[in-house]
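*Asks:* One file is attached below, model15.txt, containing compact mmCIF, C-alpha atoms and all ligand atoms.
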```
# COMPACT_ATOMS: atom_id res chain seq x y z
CA MET A 1 67.14 58.60 17.78
CA GLU A 2 65.22 61.81 18.30
CA PRO A 3 61.67 62.42 17.05
CA ASN A 4 61.65 64.34 13.77
CA GLN A 5 57.95 65.14 13.60
CA GLN A 6 55.52 66.57 16.17
CA TYR A 7 51.73 66.51 16.22
CA ASP A 8 48.94 66.70 18.78
CA LEU A 9 47.51 63.50 17.33
CA VAL A 10 48.85 60.67 15.17
CA ILE A 11 46.26 58.46 13.50
CA ILE A 12 47.59 55.10 12.35
CA GLY A 13 45.66 54.07 9.25
CA ALA A 14 43.73 56.06 6.66
CA GLY A 15 40.73 53.83 6.11
CA PRO A 16 37.23 55.17 6.80
CA ALA A 17 37.80 55.14 10.57
CA GLY A 18 41.15 56.94 10.41
CA MET A 19 39.97 59.51 7.88
CA THR A 20 36.82 60.26 9.88
CA ALA A 21 38.88 60.67 13.05
CA GLY A 22 41.19 62.99 11.12
CA ILE A 23 38.34 65.28 10.09
CA TYR A 24 37.02 65.50 13.66
CA ALA A 25 40.49 66.20 15.05
CA ALA A 26 41.29 68.90 12.49
CA ARG A 27 37.94 70.60 13.05
CA ALA A 28 38.69 70.57 16.79
CA GLY A 29 41.86 72.53 16.07
CA LEU A 30 44.40 69.75 16.66
CA SER A 31 47.49 69.29 14.53
CA VAL A 32 46.97 65.81 13.14
CA VAL A 33 48.65 63.40 10.75
CA MET A 34 47.31 60.16 9.29
CA LEU A 35 49.97 57.52 8.66
CA GLU A 36 49.14 54.96 5.99
CA LYS A 37 51.24 52.17 4.47
CA GLY A 38 48.97 51.65 1.46
CA ALA A 39 46.64 54.18 -0.08
CA PRO A 40 43.79 56.07 1.63
CA GLY A 41 40.66 53.95 1.77
CA GLY A 42 41.84 50.71 3.36
CA GLN A 43 39.61 47.71 2.69
CA MET A 44 37.22 49.96 0.76
CA LEU A 45 39.78 50.06 -2.04
CA ASN A 46 39.30 46.33 -2.56
CA THR A 47 35.54 46.62 -2.73
CA ALA A 48 33.60 46.93 -5.95
CA GLU A 49 30.19 48.47 -5.37
CA ILE A 50 29.12 49.78 -2.00
CA ASP A 51 25.35 50.13 -1.88
CA ASN A 52 24.73 50.47 1.83
CA TYR A 53 26.69 53.59 2.78
CA THR A 54 24.18 56.17 3.87
CA GLY A 55 23.78 59.03 1.44
CA PHE A 56 25.30 57.21 -1.53
CA GLU A 57 22.86 54.85 -3.21
CA THR A 58 25.70 53.07 -4.98
CA ILE A 59 29.33 54.09 -5.15
CA LEU A 60 32.54 52.26 -6.10
CA GLY A 61 34.91 51.57 -3.19
CA PRO A 62 37.82 53.50 -4.78
CA ASP A 63 35.51 56.46 -5.50
CA LEU A 64 34.25 56.64 -1.92
CA SER A 65 37.85 56.36 -0.70
CA MET A 66 38.83 59.35 -2.83
CA LYS A 67 35.83 61.39 -1.66
CA MET A 68 36.74 60.73 1.98
CA PHE A 69 40.38 61.59 1.34
CA GLU A 70 39.46 64.87 -0.39
CA HIS A 71 37.27 65.67 2.62
CA THR A 72 40.26 65.21 4.97
CA GLN A 73 42.39 67.45 2.76
CA LYS A 74 39.76 70.16 2.79
CA HIS A 75 40.17 70.28 6.56
CA GLY A 76 43.97 70.24 6.42
CA VAL A 77 44.61 66.78 7.85
CA ALA A 78 48.26 65.92 7.15
CA TYR A 79 48.82 62.64 5.31
CA ALA A 80 52.07 60.71 5.18
CA TYR A 81 53.29 57.34 4.04
CA GLY A 82 54.18 55.33 7.08
CA ASN A 83 54.43 51.66 7.94
CA VAL A 84 54.29 51.86 11.73
CA THR A 85 56.58 49.39 13.48
CA LYS A 86 56.33 50.45 17.11
CA VAL A 87 54.56 52.80 19.51
CA THR A 88 56.04 53.70 22.89
CA ASP A 89 54.24 55.42 25.75
CA HIS A 90 56.12 58.04 27.77
CA GLY A 91 53.18 59.31 29.82
CA THR A 92 52.70 62.86 28.62
CA TYR A 93 53.77 61.94 25.09
CA LYS A 94 54.00 58.89 22.83
CA LEU A 95 56.48 58.05 20.09
CA VAL A 96 55.37 56.43 16.85
CA TYR A 97 58.12 54.75 14.78
CA THR A 98 57.90 53.88 11.08
CA ASP A 99 60.06 51.62 8.94
CA SER A 100 61.26 54.66 6.99
CA ASN A 101 62.99 55.96 10.16
CA GLU A 102 60.44 58.67 10.90
CA ILE A 103 59.70 59.17 14.59
CA TYR A 104 56.55 61.07 15.46
CA GLN A 105 56.12 62.63 18.88
CA THR A 106 52.46 63.07 19.79
CA LYS A 107 50.15 63.64 22.72
CA ALA A 108 47.76 60.92 21.58
CA VAL A 109 47.51 58.05 19.09
CA ILE A 110 44.40 56.70 17.42
CA ILE A 111 44.85 53.16 16.15
CA ALA A 112 42.70 52.70 13.05
CA SER A 113 44.91 50.19 11.28
CA GLY A 114 42.10 47.85 10.34
CA ALA A 115 42.62 44.31 9.23
CA LYS A 116 44.21 42.12 6.60
CA ASN A 117 42.78 39.14 4.71
CA LYS A 118 42.83 35.76 6.42
CA ARG A 119 44.35 32.84 4.55
CA LEU A 120 42.98 29.31 4.34
CA GLY A 121 46.33 27.67 5.09
CA VAL A 122 45.87 24.81 2.60
CA PRO A 123 48.42 23.37 0.13
CA GLY A 124 48.89 25.43 -3.02
CA GLU A 125 47.59 28.68 -1.53
CA ASP A 126 50.95 30.40 -1.01
CA GLU A 127 52.50 28.98 -4.18
CA LEU A 128 49.61 30.10 -6.40
CA ALA A 129 49.05 33.52 -4.80
CA GLY A 130 49.09 35.94 -7.74
CA ARG A 131 49.02 33.00 -10.16
CA GLY A 132 45.30 32.43 -10.00
CA ILE A 133 44.63 32.99 -6.31
CA SER A 134 43.66 36.50 -5.24
CA TRP A 135 42.17 38.37 -2.30
CA CYS A 136 40.87 41.26 -4.40
CA ALA A 137 38.21 40.85 -7.07
CA VAL A 138 38.29 44.53 -8.05
CA CYS A 139 42.06 44.35 -8.67
CA ASP A 140 42.28 40.96 -10.39
CA GLY A 141 38.81 40.03 -11.65
CA ALA A 142 39.51 41.27 -15.18
CA PHE A 143 42.30 38.68 -15.61
CA PHE A 144 39.63 35.96 -15.59
CA ARG A 145 37.28 37.30 -18.25
CA ASN A 146 35.09 34.46 -19.57
CA GLN A 147 36.89 31.93 -17.37
CA ASP A 148 35.68 29.92 -14.38
CA VAL A 149 36.47 31.09 -10.85
CA VAL A 150 35.66 30.10 -7.30
CA VAL A 151 34.99 32.38 -4.35
CA VAL A 152 35.63 30.95 -0.89
CA GLY A 153 33.57 32.19 2.08
CA GLY A 154 30.01 32.94 3.12
CA GLY A 155 30.20 36.49 4.47
CA ASN A 156 29.25 39.78 2.81
CA SER A 157 32.66 40.07 1.16
CA ALA A 158 32.43 36.65 -0.50
CA VAL A 159 28.87 37.07 -1.74
CA GLU A 160 29.23 40.67 -2.91
CA GLU A 161 32.52 40.04 -4.67
CA ALA A 162 31.02 36.94 -6.32
CA LEU A 163 28.28 39.21 -7.71
CA TYR A 164 30.94 41.60 -8.99
CA LEU A 165 32.93 38.77 -10.62
CA ALA A 166 29.80 37.33 -12.25
CA ASN A 167 29.72 40.41 -14.52
CA ILE A 168 33.14 39.51 -15.89
CA VAL A 169 33.73 35.76 -15.78
CA ASN A 170 31.99 32.72 -17.26
CA GLN A 171 30.95 31.12 -13.97
CA VAL A 172 31.48 31.72 -10.26
CA THR A 173 31.25 28.90 -7.74
CA ILE A 174 30.84 30.04 -4.15
CA ILE A 175 32.43 27.49 -1.82
CA HIS A 176 31.12 27.80 1.71
CA ARG A 177 31.65 25.48 4.65
CA ARG A 178 28.00 25.32 5.76
CA GLN A 179 24.47 25.93 4.43
CA GLN A 180 23.72 29.20 6.23
CA PHE A 181 25.39 32.43 5.17
CA ARG A 182 26.83 35.11 7.36
CA ALA A 183 26.18 37.58 4.50
CA ASP A 184 23.05 39.75 4.42
CA GLN A 185 20.02 37.92 3.08
CA ALA A 186 19.55 40.52 0.32
CA ALA A 187 22.99 39.78 -1.10
CA VAL A 188 22.49 36.02 -0.80
CA ASN A 189 19.18 36.28 -2.66
CA ARG A 190 20.81 38.23 -5.48
CA ALA A 191 23.57 35.63 -5.78
CA LYS A 192 21.08 32.75 -5.77
CA ALA A 193 19.11 34.39 -8.56
CA HIS A 194 22.21 35.08 -10.69
CA PRO A 195 22.51 32.74 -13.68
CA LYS A 196 26.33 32.72 -13.54
CA ILE A 197 26.65 31.88 -9.82
CA VAL A 198 26.51 28.33 -8.47
CA PHE A 199 27.09 27.07 -4.95
CA GLU A 200 29.20 24.36 -3.39
CA LEU A 201 27.89 24.29 0.19
CA ASP A 202 29.01 22.26 3.21
CA ALA A 203 32.34 22.27 1.41
CA VAL A 204 35.88 23.23 2.34
CA VAL A 205 38.93 23.70 0.14
CA GLU A 206 41.40 20.86 0.60
CA ARG A 207 44.03 22.13 -1.84
CA PHE A 208 44.68 24.27 -4.89
CA ASN A 209 46.10 22.40 -7.89
CA GLU A 210 48.45 23.88 -10.46
CA GLU A 211 49.36 23.30 -14.08
CA ASN A 212 52.29 25.14 -15.70
CA GLY A 213 52.65 27.34 -12.62
CA LYS A 214 49.04 28.53 -12.66
CA LEU A 215 45.88 27.52 -10.84
CA LYS A 216 44.09 24.69 -12.67
CA SER A 217 41.55 23.39 -10.17
CA VAL A 218 40.41 23.34 -6.58
CA THR A 219 39.89 20.15 -4.60
CA VAL A 220 36.94 20.53 -2.25
CA LYS A 221 35.68 18.19 0.43
CA ASN A 222 32.07 17.90 1.46
CA VAL A 223 32.09 18.08 5.26
CA VAL A 224 28.84 16.07 5.55
CA THR A 225 29.60 13.16 3.20
CA GLY A 226 33.41 13.30 3.40
CA LYS A 227 33.59 13.04 -0.41
CA THR A 228 36.07 15.11 -2.37
CA LYS A 229 35.80 16.52 -5.88
CA GLU A 230 37.81 18.69 -8.22
CA LEU A 231 36.39 21.96 -9.49
CA ILE A 232 38.11 23.29 -12.61
CA ALA A 233 38.91 26.98 -12.00
CA GLN A 234 41.45 29.38 -13.41
CA GLY A 235 40.83 31.86 -10.59
CA ALA A 236 40.14 31.63 -6.85
CA PHE A 237 39.15 34.55 -4.65
CA ILE A 238 39.44 34.00 -0.92
CA TYR A 239 37.12 36.02 1.33
CA ILE A 240 37.11 34.24 4.68
CA GLY A 241 37.35 37.24 6.94
CA LEU A 242 39.98 39.45 8.40
CA LEU A 243 42.72 39.55 11.01
CA PRO A 244 43.52 42.78 12.86
CA VAL A 245 46.70 44.68 12.05
CA SER A 246 47.94 45.41 15.54
CA ASP A 247 51.42 43.86 15.87
CA PHE A 248 53.01 47.26 16.41
CA VAL A 249 51.25 47.74 19.78
CA LYS A 250 51.74 44.20 21.07
CA GLY A 251 52.54 44.41 24.78
CA LEU A 252 51.40 48.05 24.97
CA VAL A 253 47.65 47.43 25.07
CA ASP A 254 45.44 44.48 26.00
CA MET A 255 44.59 42.14 23.12
CA ASP A 256 42.70 38.92 22.66
CA GLU A 257 44.31 35.79 21.17
CA TYR A 258 43.65 37.02 17.60
CA GLY A 259 45.26 40.42 18.13
CA TYR A 260 42.05 42.41 18.51
CA ILE A 261 42.58 45.32 20.91
P1 LIG A 301 33.08 37.52 7.76
O1 LIG A 301 31.77 38.21 7.85
O2 LIG A 301 33.85 37.25 8.99
O3 LIG A 301 32.81 36.17 6.97
C1 LIG A 301 33.83 35.24 6.78
C2 LIG A 301 33.24 34.02 6.09
O4 LIG A 301 34.30 33.11 5.79
C3 LIG A 301 32.23 33.28 6.95
O5 LIG A 301 31.16 32.84 6.16
C4 LIG A 301 33.04 32.11 7.48
O6 LIG A 301 32.27 30.94 7.64
C5 LIG A 301 34.04 31.87 6.38
N1 LIG A 301 35.29 31.33 6.90
C6 LIG A 301 36.06 31.84 7.90
N2 LIG A 301 37.17 31.10 8.07
C7 LIG A 301 37.08 30.10 7.17
C8 LIG A 301 37.93 29.00 6.86
N3 LIG A 301 39.08 28.80 7.51
N4 LIG A 301 37.52 28.16 5.88
C9 LIG A 301 36.38 28.36 5.22
N5 LIG A 301 35.54 29.39 5.46
C10 LIG A 301 35.89 30.24 6.43
O7 LIG A 301 34.12 38.32 6.80
P2 LIG A 301 33.87 39.34 5.57
O8 LIG A 301 32.88 38.78 4.63
O9 LIG A 301 35.22 39.69 5.09
O10 LIG A 301 33.25 40.60 6.27
C11 LIG A 301 33.95 41.29 7.32
C12 LIG A 301 33.04 42.39 7.87
O11 LIG A 301 32.85 43.38 6.87
C13 LIG A 301 31.65 41.87 8.24
O12 LIG A 301 31.18 42.59 9.33
C14 LIG A 301 30.83 42.18 7.00
O13 LIG A 301 29.43 42.32 7.25
C15 LIG A 301 31.46 43.51 6.58
N6 LIG A 301 31.25 43.74 5.14
C16 LIG A 301 30.16 44.46 4.77
C17 LIG A 301 29.90 44.69 3.45
C18 LIG A 301 28.67 45.48 3.10
O14 LIG A 301 27.83 45.63 3.94
N7 LIG A 301 28.55 46.02 1.91
C19 LIG A 301 30.73 44.18 2.45
C20 LIG A 301 31.82 43.42 2.85
C21 LIG A 301 32.07 43.20 4.20
P3 LIG A 301 31.23 30.80 8.85
O15 LIG A 301 30.08 31.67 8.48
O16 LIG A 301 30.90 29.35 8.85
O17 LIG A 301 31.96 31.25 10.08
```
With the file now loaded, output its structure as structure tokens.
*Replies:*
Amino acid sequence: MEPNQQYDLVIIGAGPAGMTAGIYAARAGLSVVMLEKGAPGGQMLNTAEIDNYTGFETILGPDLSMKMFEHTQKHGVAYAYGNVTKVTDHGTYKLVYTDSNEIYQTKAVIIASGAKNKRLGVPGEDELAGRGISWCAVCDGAFFRNQDVVVVGGGNSAVEEALYLANIVNQVTIIHRRQQFRADQAAVNRAKAHPKIVFELDAVVERFNEENGKLKSVTVKNVVTGKTKELIAQGAFIYIGLLPVSDFVKGLVDMDEYGYI
């Protein structure tokens, strides 16, 4: 098949990195397209409040995404839907293939495809995905109004999304596998002071339990004592980090064992 699109630069991904690259490229006079398989914004779209982006005291993730996208449009960066499946290198040009049969010919490619949510890999997780288990508090938090939820993880995502959920639900239990948090101390302090947030530390999820096809409870195991217990929860939000989205350049560039380029 022949290429049906031509650009100086193809940017794969329209998260903050891709959109910023797009603005720089367009201002430098390059013809540039951003290919995105979701919506512009990337992980930002799944984030409630962002209060550490310079110049914006507090802004919602979807609002900042839209502002960045409008900025790219002001500079004429082309934007297209595209789930990239393969990139091939032909020396002076590269070809970028998408699953909608578009083939882009370009002088250069910027890979800004970001990452996807990691899964715990425990029983019940796949079966109850979308039936109580979620990876996006902003999208699904409202389904659990006045109910009890757990958040798994100890990074900034877990702690900040727990704070977001605490405004909606009855109680949030943060389940984290050790005592120390990877999250910023300021966020941890806010969570510790919140009356609706409790902690289950040194604890890992053993399984998610269902009733009538929906999440009913979470079995957690204390890694110090070895004891297990059941936490009643209608919702579970998993924030245990990210895995890079880089399959489409496997073999083309050097990667570590996790797929980071
Ligand atoms: P992260 O910082 O990698 O934290 C992942 C957390 O999940 C860690 O506490 C980790 O525990 C835990 N974890 C990992 N695998 C686990 C497993 N299999 N079972 C149980 N727990 C597990 O990920 P993130 O919170 O998604 O953040 C990603 C990046 O985005 C970070 O650089 C973060 O600072 C940044 N971020 C920033 C903001 C902000 O500044 N506003 C907001 C969100 C995210 P251990 O600590 O024991 O390894």
*Asks:* Give me, as CSV, each residue of chain A that comes within 7 Å of ligand LIG 301 (chain A), together with its shortest interatomic pair and the distance in Å at one decimal, counting only C-alpha atoms and all ligand atoms, with rows ordered by chain and rising residue number.
*Replies:*
```
residue,atom,partner,partner_atom,distance
A:Ile50,CA,A:LIG301,N7,5.5
A:Asp51,CA,A:LIG301,N7,6.4
A:Asn52,CA,A:LIG301,N7,5.9
A:Leu120,CA,A:LIG301,N3,5.1
A:Val152,CA,A:LIG301,N5,6.5
A:Gly153,CA,A:LIG301,O4,3.9
A:Gly154,CA,A:LIG301,O5,3.3
A:Gly155,CA,A:LIG301,O8,3.5
A:Asn156,CA,A:LIG301,O8,4.2
A:Ser157,CA,A:LIG301,O8,3.7
A:Ala158,CA,A:LIG301,O8,5.6
A:Glu160,CA,A:LIG301,C19,6.6
A:His176,CA,A:LIG301,N5,6.0
A:Arg177,CA,A:LIG301,C9,5.6
A:Arg178,CA,A:LIG301,O16,5.8
A:Phe181,CA,A:LIG301,O15,5.8
A:Arg182,CA,A:LIG301,O15,4.9
A:Ala183,CA,A:LIG301,O13,6.4
A:Val204,CA,A:LIG301,C9,5.9
A:Tyr239,CA,A:LIG301,O9,5.6
A:Ile240,CA,A:LIG301,O4,3.2
A:Gly241,CA,A:LIG301,O7,3.4
A:Leu242,CA,A:LIG301,O9,5.8
```
*Asks:* Just want the 9 Å neighbourhood of A:Thr92, counted on only C-alpha atoms, with same-chain residues fewer than 2 positions away dropped. Output as a PyMOL selection string.
*Replies:* chain A and resi 89-90+94+106-108
*Asks:* Please, could you write that set of residues out with C-alpha atoms as a PDB file, in the coordinates of the input?
*Replies:*
```
ATOM      1  CA  ASP A  89      54.240  55.420  25.750  1.00  0.00           C
ATOM      2  CA  HIS A  90      56.120  58.040  27.770  1.00  0.00           C
ATOM      3  CA  LYS A  94      54.000  58.890  22.830  1.00  0.00           C
ATOM      4  CA  THR A 106      52.460  63.070  19.790  1.00  0.00           C
ATOM      5  CA  LYS A 107      50.150  63.640  22.720  1.00  0.00           C
ATOM      6  CA  ALA A 108      47.760  60.920  21.580  1.00  0.00           C
TER       7      ALA A 108
END
```
*Asks:* Looking at only C-alpha atoms, which of A:Lys67, A:Lys214, A:Arg27, A:Lys86 is the one that sits closest to A:Asp247?
*Replies:*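 Of A:Lys67, A:Lys214, A:Arg27, A:Lys86, the one nearest A:Asp247, counting only C-alpha atoms, is A:Lys86.
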*Asks:* In terms of the shortest atom-to-atom distance over only C-alpha atoms, which of A:Gly76, A:Gly18, A:Gly251, A:Gly235 is closest to A:Ala137?
*Replies:* A:Gly235
*Asks:* For A:Tyr164, which residue out of A:Ala142, A:Leu95, A:Ile261, A:Met1 is the nearest one, using all atoms listed in the file?
*Replies:*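 The answer is A:Ala142, which sits nearest to A:Tyr164.
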*Asks:* To one decimal place, how far is atom CA of A:Ala233 from atom CA of A:Val159 in Å?
*Replies:*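 These atoms are spaced 17.5 Å apart.
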*Asks:* Which residue out of A:Phe144, A:Glu70, A:Asp184, A:Asn189 has the minimum interatomic distance to A:Asn167 when only C-alpha atoms are used?
*Replies:*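 Result for the nearest residue to A:Asn167: A:Phe144.
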*Asks:* Calculated over only C-alpha atoms, which of the candidates A:Leu215, A:Ala193, A:Leu252, A:Met19 has the smallest distance to A:Ser134?
*Replies:*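 With only C-alpha atoms as the atom set, the closest residue is A:Leu215.
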*Asks:* Between A:Ala187, A:Leu9, A:Val122, A:Val151, which is the closest to A:Val205 once you count only C-alpha atoms?
*Replies:* A:Val122
*Asks:* If I take atom CA of A:Val96 and atom CA of A:Glu257, how far is one from the other in Å, to one decimal?
*Replies:* 23.8 Å
*Asks:* Between atom CA of A:Ala115 and atom CA of A:His71, what distance in Å does the model show, to one decimal?
*Replies:* 23.0 Å
*Asks:* Mind listing whatever residues come within 9 Å of the point (45.0, 38.4, 8.1)? Use all atoms listed in the file, file coordinates, and give them as a CSV table (one decimal) with C-alpha atoms, keeping the file's coordinate frame.
*Replies:*
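Listing of result.csv after writing:
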```
chain,number,residue,atom,x,y,z
A,115,ALA,CA,42.6,44.3,9.2
A,116,LYS,CA,44.2,42.1,6.6
A,117,ASN,CA,42.8,39.1,4.7
A,118,LYS,CA,42.8,35.8,6.4
A,119,ARG,CA,44.4,32.8,4.6
A,241,GLY,CA,37.4,37.2,6.9
A,242,LEU,CA,40.0,39.4,8.4
A,243,LEU,CA,42.7,39.6,11.0
A,244,PRO,CA,43.5,42.8,12.9
A,245,VAL,CA,46.7,44.7,12.0
```
*Asks:* If we draw a sphere of 8 Å around (37.0, 42.7, -7.9), which residues have at least one atom in it when counting all atoms listed in the file? Please report them as a PyMOL selection string.
*Replies:* chain A and resi 46-48+136-142+161+164-165
*Asks:* Got time to write the residues from that selection, C-alpha atoms, as a tab-separated table (two decimals), in the frame of the given file?
*Replies:*
```tsv
chain	number	residue	atom	x	y	z
A	46	ASN	CA	39.30	46.33	-2.56
A	47	THR	CA	35.54	46.62	-2.73
A	48	ALA	CA	33.60	46.93	-5.95
A	136	CYS	CA	40.87	41.26	-4.40
A	137	ALA	CA	38.21	40.85	-7.07
A	138	VAL	CA	38.29	44.53	-8.05
A	139	CYS	CA	42.06	44.35	-8.67
A	140	ASP	CA	42.28	40.96	-10.39
A	141	GLY	CA	38.81	40.03	-11.65
A	142	ALA	CA	39.51	41.27	-15.18
A	161	GLU	CA	32.52	40.04	-4.67
A	164	TYR	CA	30.94	41.60	-8.99
A	165	LEU	CA	32.93	38.77	-10.62
```
